[in-house]
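Listing of entry27.csv, CSV, C-alpha atoms and all ligand atoms
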chain,number,residue,atom,x,y,z
A,57,MET,CA,18.4,13.3,17.2
A,58,SER,CA,17.9,15.4,14.2
A,59,ASN,CA,14.5,16.9,13.6
A,60,ARG,CA,14.6,16.4,9.8
A,61,PRO,CA,11.9,14.0,8.7
A,62,TYR,CA,13.3,10.4,8.8
A,63,ILE,CA,12.2,8.2,5.8
A,64,VAL,CA,13.2,4.6,6.2
A,65,GLY,CA,12.8,1.9,3.5
A,66,ASN,CA,12.2,-1.7,4.7
A,67,TRP,CA,12.9,-4.0,1.9
A,68,LYS,CA,11.7,-7.1,3.9
A,69,MET,CA,12.6,-10.4,2.1
A,70,HIS,CA,13.0,-8.7,-1.3
A,71,GLY,CA,16.2,-8.0,-3.2
A,72,THR,CA,19.1,-9.5,-4.9
A,73,ARG,CA,22.2,-7.7,-6.2
A,74,ALA,CA,20.1,-6.6,-9.2
A,75,MET,CA,18.3,-4.2,-6.9
A,76,LEU,CA,21.5,-2.3,-5.9
A,77,ALA,CA,20.8,0.0,-8.8
A,78,GLU,CA,17.7,1.2,-6.9
A,79,ALA,CA,19.7,1.9,-3.8
A,80,ARG,CA,22.3,3.8,-5.9
A,81,ALA,CA,19.5,5.9,-7.5
A,82,ILE,CA,18.0,6.6,-4.0
A,83,ASP,CA,21.3,7.6,-2.6
A,84,ARG,CA,22.2,9.9,-5.5
A,85,ALA,CA,18.8,11.7,-5.3
A,86,ALA,CA,19.0,12.0,-1.5
A,87,GLU,CA,22.0,14.3,-2.2
A,88,ARG,CA,19.5,16.9,-3.5
A,89,LEU,CA,17.0,16.4,-0.7
A,90,LEU,CA,19.1,17.2,2.4
A,91,LYS,CA,16.0,18.3,4.3
A,92,VAL,CA,15.2,14.7,4.7
A,93,GLU,CA,17.2,11.9,6.5
A,94,VAL,CA,16.9,8.8,4.3
A,95,ALA,CA,17.7,5.2,5.3
A,96,LEU,CA,17.3,1.8,3.8
A,97,ALA,CA,17.1,-1.6,5.6
A,98,PRO,CA,17.8,-4.3,2.9
A,99,PRO,CA,18.0,-8.0,3.7
A,100,PHE,CA,21.1,-9.1,5.6
A,101,THR,CA,22.6,-10.4,2.3
A,102,LEU,CA,22.7,-7.0,0.8
A,103,ILE,CA,23.8,-4.8,3.7
A,104,HIS,CA,27.5,-4.8,2.8
A,105,ALA,CA,26.9,-4.2,-0.9
A,106,THR,CA,24.3,-1.5,-0.3
A,107,ARG,CA,26.6,0.3,2.1
A,108,LYS,CA,29.2,0.4,-0.7
A,109,GLU,CA,26.7,1.8,-3.1
A,110,ALA,CA,25.4,4.5,-0.8
A,111,GLU,CA,27.4,7.5,0.2
A,112,LEU,CA,24.8,9.5,2.0
A,113,ILE,CA,21.9,7.4,3.2
A,114,ALA,CA,22.1,5.2,6.3
A,115,ILE,CA,22.0,1.4,5.9
A,116,GLY,CA,20.4,-0.8,8.5
A,117,ALA,CA,19.3,-4.3,9.3
A,118,GLN,CA,15.7,-5.6,9.7
A,119,ASP,CA,16.5,-7.6,12.8
A,120,VAL,CA,19.3,-8.8,15.1
A,121,HIS,CA,19.7,-11.7,17.5
A,122,PRO,CA,19.9,-10.7,21.2
A,123,ALA,CA,23.2,-12.4,21.7
A,124,ASP,CA,26.5,-11.0,20.4
A,125,GLY,CA,27.6,-14.4,19.0
A,126,GLY,CA,27.5,-18.1,19.8
A,127,ALA,CA,25.8,-21.3,18.8
A,128,HIS,CA,22.7,-19.9,17.0
A,129,THR,CA,22.6,-21.4,13.6
A,130,GLY,CA,21.1,-19.1,11.0
A,131,ASP,CA,21.0,-16.0,13.2
A,132,VAL,CA,22.9,-12.8,12.9
A,133,SER,CA,24.1,-10.5,15.7
A,134,ALA,CA,24.2,-6.7,16.0
A,135,SER,CA,28.0,-6.6,15.8
A,136,MET,CA,27.9,-8.6,12.6
A,137,VAL,CA,25.5,-6.3,10.8
A,138,LYS,CA,27.5,-3.3,12.1
A,139,ASP,CA,30.6,-4.9,10.7
A,140,ALA,CA,28.8,-5.3,7.3
A,141,GLY,CA,27.9,-1.5,7.3
A,142,ALA,CA,24.7,-1.2,9.2
A,143,SER,CA,24.3,1.8,11.6
A,144,PHE,CA,20.9,0.9,12.8
A,145,THR,CA,18.5,-2.0,13.0
A,146,ILE,CA,14.7,-2.4,13.0
A,147,VAL,CA,13.4,-4.6,15.8
A,148,GLY,CA,9.9,-5.9,16.7
A,149,HIS,CA,8.4,-5.6,13.3
A,150,SER,CA,4.9,-7.1,13.4
A,151,GLU,CA,6.0,-9.7,10.8
A,152,ARG,CA,8.7,-10.9,13.2
A,153,ARG,CA,6.3,-10.7,16.1
A,154,ALA,CA,3.9,-12.9,14.2
A,155,ASP,CA,6.1,-15.2,12.1
A,156,HIS,CA,8.7,-15.8,14.9
A,157,LYS,CA,6.5,-15.4,17.9
A,158,GLU,CA,8.7,-12.6,19.2
A,159,THR,CA,7.6,-11.2,22.6
A,160,ASN,CA,8.0,-7.7,23.9
A,161,ALA,CA,10.7,-9.0,26.2
A,162,LEU,CA,12.7,-10.5,23.3
A,163,VAL,CA,12.3,-7.3,21.3
A,164,LYS,CA,13.7,-5.3,24.2
A,165,GLU,CA,16.7,-7.7,24.4
A,166,LYS,CA,17.3,-7.2,20.7
A,167,ALA,CA,17.1,-3.4,21.0
A,168,GLU,CA,19.5,-3.4,23.9
A,169,ALA,CA,21.9,-5.7,22.0
A,170,ALA,CA,21.9,-3.2,19.1
A,171,LEU,CA,22.6,-0.3,21.4
A,172,ALA,CA,25.4,-2.2,23.1
A,173,ALA,CA,27.0,-2.8,19.6
A,174,GLY,CA,26.9,1.0,19.1
A,175,MET,CA,23.9,1.1,16.7
A,176,SER,CA,20.7,3.0,16.9
A,177,VAL,CA,17.4,1.2,16.8
A,178,ILE,CA,13.9,1.5,15.3
A,179,VAL,CA,11.3,-0.3,17.6
A,180,CYS,CA,8.1,-1.2,15.9
A,181,VAL,CA,4.7,-1.3,17.6
A,182,GLY,CA,1.1,-1.5,16.4
A,183,GLU,CA,-2.3,-3.1,17.0
A,184,THR,CA,-4.2,-5.7,14.9
A,185,GLU,CA,-7.5,-4.9,13.4
A,186,GLU,CA,-9.3,-6.9,16.0
A,187,GLU,CA,-7.6,-5.0,18.8
A,188,ARG,CA,-8.5,-1.7,17.1
A,189,ASP,CA,-12.2,-2.8,16.6
A,190,ALA,CA,-12.3,-3.8,20.3
A,191,GLY,CA,-11.2,-0.3,21.3
A,192,LYS,CA,-7.9,-1.6,22.6
A,193,ALA,CA,-5.4,-0.1,20.2
A,194,GLU,CA,-3.9,2.5,22.6
A,195,ALA,CA,-3.6,0.0,25.5
A,196,VAL,CA,-1.9,-2.6,23.2
A,197,VAL,CA,0.6,0.0,21.9
A,198,ALA,CA,1.3,1.2,25.5
A,199,ARG,CA,2.0,-2.3,26.6
A,200,GLN,CA,4.3,-2.9,23.6
A,201,LEU,CA,6.2,0.3,24.3
A,202,THR,CA,6.6,-0.5,28.0
A,203,GLY,CA,7.7,-4.0,27.2
A,204,SER,CA,9.9,-3.5,24.1
A,205,LEU,CA,11.7,-0.2,24.5
A,206,PRO,CA,15.3,-0.4,25.7
A,207,THR,CA,15.9,1.3,29.1
A,208,GLY,CA,19.0,2.8,30.7
A,209,ASP,CA,20.9,6.0,30.7
A,210,ASP,CA,21.1,8.1,27.6
A,211,VAL,CA,19.4,5.5,25.4
A,212,ALA,CA,16.5,7.7,24.2
A,213,GLU,CA,18.6,9.5,21.7
A,214,LYS,CA,19.4,6.3,19.9
A,215,VAL,CA,15.8,5.2,19.7
A,216,THR,CA,13.1,5.7,17.1
A,217,VAL,CA,9.6,4.3,17.4
A,218,ALA,CA,7.6,3.2,14.4
A,219,TYR,CA,3.9,3.0,14.8
A,220,GLU,CA,2.6,0.4,12.2
A,221,PRO,CA,-1.0,-0.7,12.6
A,222,VAL,CA,-0.8,-4.4,11.5
A,223,TRP,CA,-3.9,-4.1,9.4
A,224,ALA,CA,-2.4,-1.2,7.4
A,225,ILE,CA,0.8,-3.1,6.4
A,226,GLY,CA,0.8,-4.1,2.8
A,227,THR,CA,-2.9,-3.7,2.5
A,228,GLY,CA,-3.3,-0.3,0.9
A,229,ARG,CA,-5.5,0.8,3.9
A,230,THR,CA,-4.4,3.5,6.3
A,231,PRO,CA,-5.9,5.0,9.4
A,232,THR,CA,-7.3,8.5,9.1
A,233,VAL,CA,-4.9,11.4,9.7
A,234,GLU,CA,-6.8,12.1,12.9
A,235,ASP,CA,-6.3,8.5,14.1
A,236,VAL,CA,-2.6,8.6,13.2
A,237,GLY,CA,-2.3,11.9,15.1
A,238,ALA,CA,-4.2,10.6,18.2
A,239,MET,CA,-2.0,7.4,18.4
A,240,HIS,CA,1.2,9.4,17.9
A,241,ARG,CA,0.2,11.8,20.7
A,242,HIS,CA,-0.4,8.8,22.9
A,243,ILE,CA,3.0,7.4,22.0
A,244,ARG,CA,4.6,10.7,22.8
A,245,GLU,CA,3.0,10.7,26.3
A,246,LYS,CA,4.2,7.2,26.9
A,247,LEU,CA,7.7,8.0,25.7
A,248,GLU,CA,7.8,10.9,28.2
A,249,SER,CA,6.7,8.7,31.0
A,250,ILE,CA,9.4,6.1,30.1
A,251,TYR,CA,12.3,8.4,29.2
A,252,GLY,CA,11.4,11.6,31.0
A,253,GLU,CA,12.4,14.8,29.2
A,254,ALA,CA,14.4,12.9,26.6
A,255,GLY,CA,11.2,11.2,25.5
A,256,ALA,CA,10.1,14.5,24.0
A,257,SER,CA,12.6,14.3,21.2
A,258,VAL,CA,12.4,10.6,20.3
A,259,ARG,CA,11.3,10.4,16.6
A,260,ILE,CA,8.0,8.6,16.0
A,261,LEU,CA,7.5,7.2,12.4
A,262,TYR,CA,4.2,6.1,10.9
A,263,GLY,CA,4.3,2.9,8.8
A,264,GLY,CA,1.7,1.0,6.8
A,265,SER,CA,0.8,1.5,3.2
A,266,VAL,CA,2.7,4.8,2.9
A,267,LYS,CA,2.9,5.8,-0.8
A,268,PRO,CA,3.8,8.9,-2.8
A,269,GLU,CA,0.1,9.8,-3.0
A,270,ASN,CA,-0.7,9.7,0.7
A,271,ALA,CA,2.7,10.6,2.2
A,272,ALA,CA,2.2,14.3,2.5
A,273,GLU,CA,-1.0,14.0,4.6
A,274,LEU,CA,0.3,11.2,6.8
A,275,LEU,CA,3.6,13.1,7.4
A,276,ALA,CA,1.7,16.2,8.4
A,277,ALA,CA,-0.2,14.4,11.2
A,278,ASP,CA,0.6,15.3,14.8
A,279,GLU,CA,3.9,14.0,16.2
A,280,VAL,CA,4.8,12.2,12.9
A,281,GLY,CA,8.5,12.5,12.4
A,282,GLY,CA,8.8,10.3,9.3
A,283,ALA,CA,7.8,7.1,7.7
A,284,LEU,CA,8.8,3.4,7.7
A,285,VAL,CA,8.0,2.3,4.1
A,286,GLY,CA,7.8,-1.3,2.9
A,287,GLY,CA,6.4,-1.9,-0.6
A,288,ALA,CA,6.9,1.6,-1.9
A,289,SER,CA,10.6,1.6,-1.0
A,290,LEU,CA,11.4,-1.2,-3.5
A,291,THR,CA,11.8,1.1,-6.5
A,292,ALA,CA,13.7,4.4,-6.4
A,293,GLU,CA,10.8,6.0,-8.3
A,294,SER,CA,8.2,5.4,-5.6
A,295,PHE,CA,10.5,5.8,-2.7
A,296,LEU,CA,11.7,9.1,-4.0
A,297,GLY,CA,8.1,10.2,-4.4
A,298,ILE,CA,7.8,9.8,-0.6
A,299,ILE,CA,11.1,11.5,0.1
A,300,ILE,CA,10.1,14.5,-2.1
A,301,ALA,CA,6.8,14.8,-0.3
A,302,ALA,CA,8.7,14.9,3.0
A,303,ALA,CA,11.1,17.5,1.7
A,304,GLU,CA,8.2,19.6,0.4
A,305,GLY,CA,6.5,19.5,3.8
A,306,GLU,CA,9.6,21.0,5.5
A,307,LYS,CA,9.7,24.8,5.9
A,308,ASP,CA,12.9,26.5,4.7
B,401,LIG,P1,4.1,-1.4,3.7
B,401,LIG,O1,5.0,-2.0,4.9
B,401,LIG,O2,4.6,0.0,3.4
B,401,LIG,O3,4.4,-2.3,2.5
B,401,LIG,O4,2.7,-1.4,4.1
B,401,LIG,C1,5.4,-1.2,5.9
B,401,LIG,C2,6.2,-2.0,6.9
B,401,LIG,O5,5.8,-3.1,7.2
B,401,LIG,O6,7.2,-1.5,7.4
Translate this file's structure into structure tokens.
Amino acid sequence: MSNRPYIVGNWKMHGTRAMLAEARAIDRAAERLLKVEVALAPPFTLIHATRKEAELIAIGAQDVHPADGGAHTGDVSASMVKDAGASFTIVGHSERRADHKETNALVKEKAEAALAAGMSVIVCVGETEEERDAGKAEAVVARQLTGSLPTGDDVAEKVTVAYEPVWAIGTGRTPTVEDVGAMHRHIREKLESIYGEAGASVRILYGGSVKPENAAELLAADEVGGALVGGASLTAESFLGIIIAAAEGEKD
């Protein structure tokens, strides 16, 4: 794992080939911002074309099926997205947990399928507003980590965790920097109890309404190793604002 900040764009269900120009612009600018590791997760339909546009940034998928192939109409496996040019996949995003009723056990199977295909994986966790208000945020996230993270020898170096409070996604609201730091410290402890020493170097991203204007302070919170960015990754202009904030926060 590198210790450069890792800034990942999640295009969700946005993008046709007309958006490849944004990917190209992000890739060209990333060349001048080598202090930051940049990645994009476009929809399945754009993975191959985005890979061809991008020389420097990593391209990933937003989900994979737990099986490697078979009679699963409409689904896509890890080896398929890898073949299309993806080197990583997101799994367990809260929108998939909600829209497709994905359980922790299923998210773990998907993560393990991605690792088996030779990819790395970003496992998303995060509490709802109701859970935070009830004082259960840390317990919920701990349960998600225990249930969703892949296990096995030497897997930690292929894993990134994204902490995304559900109530902060696409809402323009974010937790305070103190709350982000507290949750990230909690996640670090959990990672060390799951992976032992290797858990100390797993990257933990913050996600949820990250924008050029708030990126610097969120990225400076304790144990934040980067950001998973939805809406603000859809144009090169706003995504680059976040990447530049990450680069400026790095010491030479
Ligand atoms: P947002 O989404 O940046 O639009 O809030 C983040 C995410 O869901 O990954």
For this session: Residues within 7 Å of ligand LIG 401 (chain B) should be enumerated using all atoms listed in the file and returned as a list in words.
Result: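 Every residue with an atom at most 7 Å from ligand LIG 401 (chain B) is listed here: Asn66, Glu220, Ala224, Ile225, Gly226, Thr227, Gly228, Gly263, Gly264, Ser265, Val266, Leu284, Val285, Gly286, Gly287 and Ala288 of chain A.
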Problem set entry | Residues near A:Val217, cut-off 9 Å, only C-alpha atoms, skip fewer than 5 positions along chain, as an NGL selection string | :A and (177-181 or 201 or 205 or 243 or 258-262)
Problem set entry | Between atom CA of A:Phe100 and atom CA of A:Ala134 - distance in Å to one decimal |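 Between atom CA of A:Ala134 and atom CA of A:Phe100 the gap works out to 11.1 Å.
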For this session: Write out as a PyMOL selection string which residues come within 12 Å of A:Lys214 when counting all atoms listed in the file, dropping same-chain ones fewer than 4 positions away.
Result: chain A and resi 57-58+143-145+167-168+170-179+205-210+251+254-255+257-259
Problem set entry | atom CA of A:Glu253 to atom CA of A:Glu93, straight-line distance in Å |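 These two atoms are separated by 23.4 Å.
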Select from stretch 142-243 of chain A every residue with an atom at most 12 Å from any atom of stretch 67-91 of chain A, then for each give the shortest pair of atoms and their distance in Å to one decimal, using only C-alpha atoms, rows by chain and rising number, as a Markdown table.
| residue | atom | partner | partner_atom | distance |
| --- | --- | --- | --- | --- |
| A:Ile146 | CA | A:Lys68 | CA | 10.7 |
| A:His149 | CA | A:Lys68 | CA | 10.1 |
| A:Ser150 | CA | A:Lys68 | CA | 11.7 |
| A:Glu151 | CA | A:Lys68 | CA | 9.3 |
| A:Arg152 | CA | A:Lys68 | CA | 10.5 |
| A:Ile225 | CA | A:Lys68 | CA | 11.9 |
| A:Gly226 | CA | A:Lys68 | CA | 11.4 |
Kindly extract all protein, DNA and RNA residues lying within 9 Å of the coordinates (8.4, 16.5, 4.2) given in the file, considering all atoms listed in the file, and supply them as a JSON list (two decimals) with C-alpha atoms, in the frame of the given file.
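As a result, out_25.json now contains:
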[["chain", "number", "residue", "atom", "x", "y", "z"],
["A", 60, "ARG", "CA", 14.60, 16.40, 9.80],
["A", 61, "PRO", "CA", 11.90, 14.00, 8.70],
["A", 91, "LYS", "CA", 16.00, 18.30, 4.30],
["A", 92, "VAL", "CA", 15.20, 14.70, 4.70],
["A", 271, "ALA", "CA", 2.70, 10.60, 2.20],
["A", 272, "ALA", "CA", 2.20, 14.30, 2.50],
["A", 275, "LEU", "CA", 3.60, 13.10, 7.40],
["A", 276, "ALA", "CA", 1.70, 16.20, 8.40],
["A", 282, "GLY", "CA", 8.80, 10.30, 9.30],
["A", 298, "ILE", "CA", 7.80, 9.80, -0.60],
["A", 299, "ILE", "CA", 11.10, 11.50, 0.10],
["A", 300, "ILE", "CA", 10.10, 14.50, -2.10],
["A", 301, "ALA", "CA", 6.80, 14.80, -0.30],
["A", 302, "ALA", "CA", 8.70, 14.90, 3.00],
["A", 303, "ALA", "CA", 11.10, 17.50, 1.70],
["A", 304, "GLU", "CA", 8.20, 19.60, 0.40],
["A", 305, "GLY", "CA", 6.50, 19.50, 3.80],
["A", 306, "GLU", "CA", 9.60, 21.00, 5.50],
["A", 307, "LYS", "CA", 9.70, 24.80, 5.90]]
Exercise. Between atom CA of A:Arg188 and atom CA of A:Val120, what is the spacing in Å?
Worked result: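 Between these atoms lies a distance of 28.8 Å.
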For this session: For each of A:Pro99, A:Ser204, A:Gly191, A:Thr232, take the minimum atom-to-atom distance to A:Thr159, counting only C-alpha atoms, then give the residue where this is smallest.
Result: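 Under the stated criterion, the closest residue is A:Ser204.
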For this session: Considering all atoms listed in the file, return as JSON, numbers by chain whatever protein or nucleic-acid residues lie within 9 Å of A:Ala123, sequence-local ones (same chain, fewer than 6 positions apart) excluded.
Result: {"A": [132, 133, 134, 165, 166, 169]}
Take the residues that were just selected and, keeping C-alpha atoms, output them as a PDB file, keeping the file's coordinate frame.
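Result file is selection32.pdb:
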ATOM      1  CA  VAL A 132      22.900 -12.800  12.900  1.00  0.00           C
ATOM      2  CA  SER A 133      24.100 -10.500  15.700  1.00  0.00           C
ATOM      3  CA  ALA A 134      24.200  -6.700  16.000  1.00  0.00           C
ATOM      4  CA  GLU A 165      16.700  -7.700  24.400  1.00  0.00           C
ATOM      5  CA  LYS A 166      17.300  -7.200  20.700  1.00  0.00           C
ATOM      6  CA  ALA A 169      21.900  -5.700  22.000  1.00  0.00           C
TER       7      ALA A 169
END
Exercise. Of the candidates A:Ala277, A:Ala127, A:Ala212, A:Leu102, which one gets nearest to A:Gly141 if we count all atoms listed in the file?
Worked result: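 The answer is A:Leu102, which sits nearest to A:Gly141.
Using only C-alpha atoms, the shortest contact distance between A:Arg199 and any of A:Gly297, A:Leu247, A:Gly237, A:Glu185 is found at A:Leu247.
Take the candidates A:Thr101, A:Asn160, A:Ser294, A:Asn270 and check each one against A:Arg229 using only C-alpha atoms; the shortest distance goes to A:Asn270.
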Just give me the residues with any atom within 12 Å of (1.5, 4.9, 24.7), file coordinates, counting all atoms listed in the file, written as a PDB file with C-alpha atoms, in the frame of the given file.
ATOM      1  CA  VAL A 181       4.700  -1.300  17.600  1.00  0.00           C
ATOM      2  CA  GLY A 182       1.100  -1.500  16.400  1.00  0.00           C
ATOM      3  CA  GLU A 183      -2.300  -3.100  17.000  1.00  0.00           C
ATOM      4  CA  LYS A 192      -7.900  -1.600  22.600  1.00  0.00           C
ATOM      5  CA  ALA A 193      -5.400  -0.100  20.200  1.00  0.00           C
ATOM      6  CA  GLU A 194      -3.900   2.500  22.600  1.00  0.00           C
ATOM      7  CA  ALA A 195      -3.600   0.000  25.500  1.00  0.00           C
ATOM      8  CA  VAL A 196      -1.900  -2.600  23.200  1.00  0.00           C
ATOM      9  CA  VAL A 197       0.600   0.000  21.900  1.00  0.00           C
ATOM     10  CA  ALA A 198       1.300   1.200  25.500  1.00  0.00           C
ATOM     11  CA  ARG A 199       2.000  -2.300  26.600  1.00  0.00           C
ATOM     12  CA  GLN A 200       4.300  -2.900  23.600  1.00  0.00           C
ATOM     13  CA  LEU A 201       6.200   0.300  24.300  1.00  0.00           C
ATOM     14  CA  THR A 202       6.600  -0.500  28.000  1.00  0.00           C
ATOM     15  CA  GLY A 203       7.700  -4.000  27.200  1.00  0.00           C
ATOM     16  CA  SER A 204       9.900  -3.500  24.100  1.00  0.00           C
ATOM     17  CA  LEU A 205      11.700  -0.200  24.500  1.00  0.00           C
ATOM     18  CA  VAL A 217       9.600   4.300  17.400  1.00  0.00           C
ATOM     19  CA  TYR A 219       3.900   3.000  14.800  1.00  0.00           C
ATOM     20  CA  ALA A 238      -4.200  10.600  18.200  1.00  0.00           C
ATOM     21  CA  MET A 239      -2.000   7.400  18.400  1.00  0.00           C
ATOM     22  CA  HIS A 240       1.200   9.400  17.900  1.00  0.00           C
ATOM     23  CA  ARG A 241       0.200  11.800  20.700  1.00  0.00           C
ATOM     24  CA  HIS A 242      -0.400   8.800  22.900  1.00  0.00           C
ATOM     25  CA  ILE A 243       3.000   7.400  22.000  1.00  0.00           C
ATOM     26  CA  ARG A 244       4.600  10.700  22.800  1.00  0.00           C
ATOM     27  CA  GLU A 245       3.000  10.700  26.300  1.00  0.00           C
ATOM     28  CA  LYS A 246       4.200   7.200  26.900  1.00  0.00           C
ATOM     29  CA  LEU A 247       7.700   8.000  25.700  1.00  0.00           C
ATOM     30  CA  GLU A 248       7.800  10.900  28.200  1.00  0.00           C
ATOM     31  CA  SER A 249       6.700   8.700  31.000  1.00  0.00           C
ATOM     32  CA  ILE A 250       9.400   6.100  30.100  1.00  0.00           C
ATOM     33  CA  GLY A 255      11.200  11.200  25.500  1.00  0.00           C
ATOM     34  CA  ILE A 260       8.000   8.600  16.000  1.00  0.00           C
TER      35      ILE A 260
END
What lies within 7 Å of A:Thr184 using only C-alpha atoms, ignoring chain neighbours under 6 positions off, as a CSV table (one decimal) with C-alpha atoms, in the frame of the given file?
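File written: result-v7.csv
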chain,number,residue,atom,x,y,z
A,221,PRO,CA,-1.0,-0.7,12.6
A,222,VAL,CA,-0.8,-4.4,11.5
A,223,TRP,CA,-3.9,-4.1,9.4
From the block I gave, I'd like stretch 129-146 of chain A written with N, CA and C atoms, as a PDB file, in the first residue's frame.
ATOM      1  N   THR A 129     -28.191 -13.608 -15.040  1.00  0.00           N
ATOM      2  CA  THR A 129     -28.531 -12.614 -16.063  1.00  0.00           C
ATOM      3  C   THR A 129     -28.394 -11.187 -15.536  1.00  0.00           C
ATOM      4  N   GLY A 130     -27.684 -10.400 -16.279  1.00  0.00           N
ATOM      5  CA  GLY A 130     -27.541  -8.988 -15.916  1.00  0.00           C
ATOM      6  C   GLY A 130     -26.403  -8.709 -14.964  1.00  0.00           C
ATOM      7  N   ASP A 131     -25.752  -9.739 -14.442  1.00  0.00           N
ATOM      8  CA  ASP A 131     -24.653  -9.506 -13.503  1.00  0.00           C
ATOM      9  C   ASP A 131     -23.296  -9.543 -14.201  1.00  0.00           C
ATOM     10  N   VAL A 132     -22.299  -9.046 -13.515  1.00  0.00           N
ATOM     11  CA  VAL A 132     -20.956  -8.937 -14.084  1.00  0.00           C
ATOM     12  C   VAL A 132     -19.955  -9.408 -13.032  1.00  0.00           C
ATOM     13  N   SER A 133     -19.008 -10.255 -13.453  1.00  0.00           N
ATOM     14  CA  SER A 133     -18.071 -10.821 -12.469  1.00  0.00           C
ATOM     15  C   SER A 133     -16.776 -10.025 -12.406  1.00  0.00           C
ATOM     16  N   ALA A 134     -15.987 -10.341 -11.362  1.00  0.00           N
ATOM     17  CA  ALA A 134     -14.710  -9.651 -11.173  1.00  0.00           C
ATOM     18  C   ALA A 134     -13.769  -9.914 -12.341  1.00  0.00           C
ATOM     19  N   SER A 135     -13.719 -11.164 -12.818  1.00  0.00           N
ATOM     20  CA  SER A 135     -12.777 -11.395 -13.924  1.00  0.00           C
ATOM     21  C   SER A 135     -13.218 -10.678 -15.191  1.00  0.00           C
ATOM     22  N   MET A 136     -14.535 -10.435 -15.331  1.00  0.00           N
ATOM     23  CA  MET A 136     -14.999  -9.673 -16.507  1.00  0.00           C
ATOM     24  C   MET A 136     -14.570  -8.209 -16.425  1.00  0.00           C
ATOM     25  N   VAL A 137     -14.739  -7.601 -15.258  1.00  0.00           N
ATOM     26  CA  VAL A 137     -14.354  -6.179 -15.174  1.00  0.00           C
ATOM     27  C   VAL A 137     -12.840  -6.046 -15.246  1.00  0.00           C
ATOM     28  N   LYS A 138     -12.141  -7.061 -14.755  1.00  0.00           N
ATOM     29  CA  LYS A 138     -10.674  -7.025 -14.854  1.00  0.00           C
ATOM     30  C   LYS A 138     -10.273  -7.089 -16.337  1.00  0.00           C
ATOM     31  N   ASP A 139     -10.921  -7.955 -17.055  1.00  0.00           N
ATOM     32  CA  ASP A 139     -10.637  -8.087 -18.486  1.00  0.00           C
ATOM     33  C   ASP A 139     -10.921  -6.765 -19.222  1.00  0.00           C
ATOM     34  N   ALA A 140     -11.925  -6.024 -18.736  1.00  0.00           N
ATOM     35  CA  ALA A 140     -12.259  -4.746 -19.380  1.00  0.00           C
ATOM     36  C   ALA A 140     -11.290  -3.630 -18.979  1.00  0.00           C
ATOM     37  N   GLY A 141     -10.432  -3.896 -17.986  1.00  0.00           N
ATOM     38  CA  GLY A 141      -9.425  -2.888 -17.622  1.00  0.00           C
ATOM     39  C   GLY A 141      -9.490  -2.405 -16.185  1.00  0.00           C
ATOM     40  N   ALA A 142     -10.354  -3.000 -15.359  1.00  0.00           N
ATOM     41  CA  ALA A 142     -10.451  -2.556 -13.966  1.00  0.00           C
ATOM     42  C   ALA A 142      -9.377  -3.242 -13.115  1.00  0.00           C
ATOM     43  N   SER A 143      -8.756  -2.468 -12.248  1.00  0.00           N
ATOM     44  CA  SER A 143      -7.768  -3.069 -11.342  1.00  0.00           C
ATOM     45  C   SER A 143      -8.311  -3.162  -9.917  1.00  0.00           C
ATOM     46  N   PHE A 144      -9.458  -2.542  -9.685  1.00  0.00           N
ATOM     47  CA  PHE A 144     -10.069  -2.610  -8.354  1.00  0.00           C
ATOM     48  C   PHE A 144     -11.583  -2.562  -8.502  1.00  0.00           C
ATOM     49  N   THR A 145     -12.276  -2.875  -7.435  1.00  0.00           N
ATOM     50  CA  THR A 145     -13.724  -2.644  -7.415  1.00  0.00           C
ATOM     51  C   THR A 145     -14.152  -2.110  -6.052  1.00  0.00           C
ATOM     52  N   ILE A 146     -15.191  -1.314  -6.082  1.00  0.00           N
ATOM     53  CA  ILE A 146     -15.879  -0.913  -4.861  1.00  0.00           C
ATOM     54  C   ILE A 146     -16.846  -2.043  -4.532  1.00  0.00           C
TER      55      ILE A 146
END
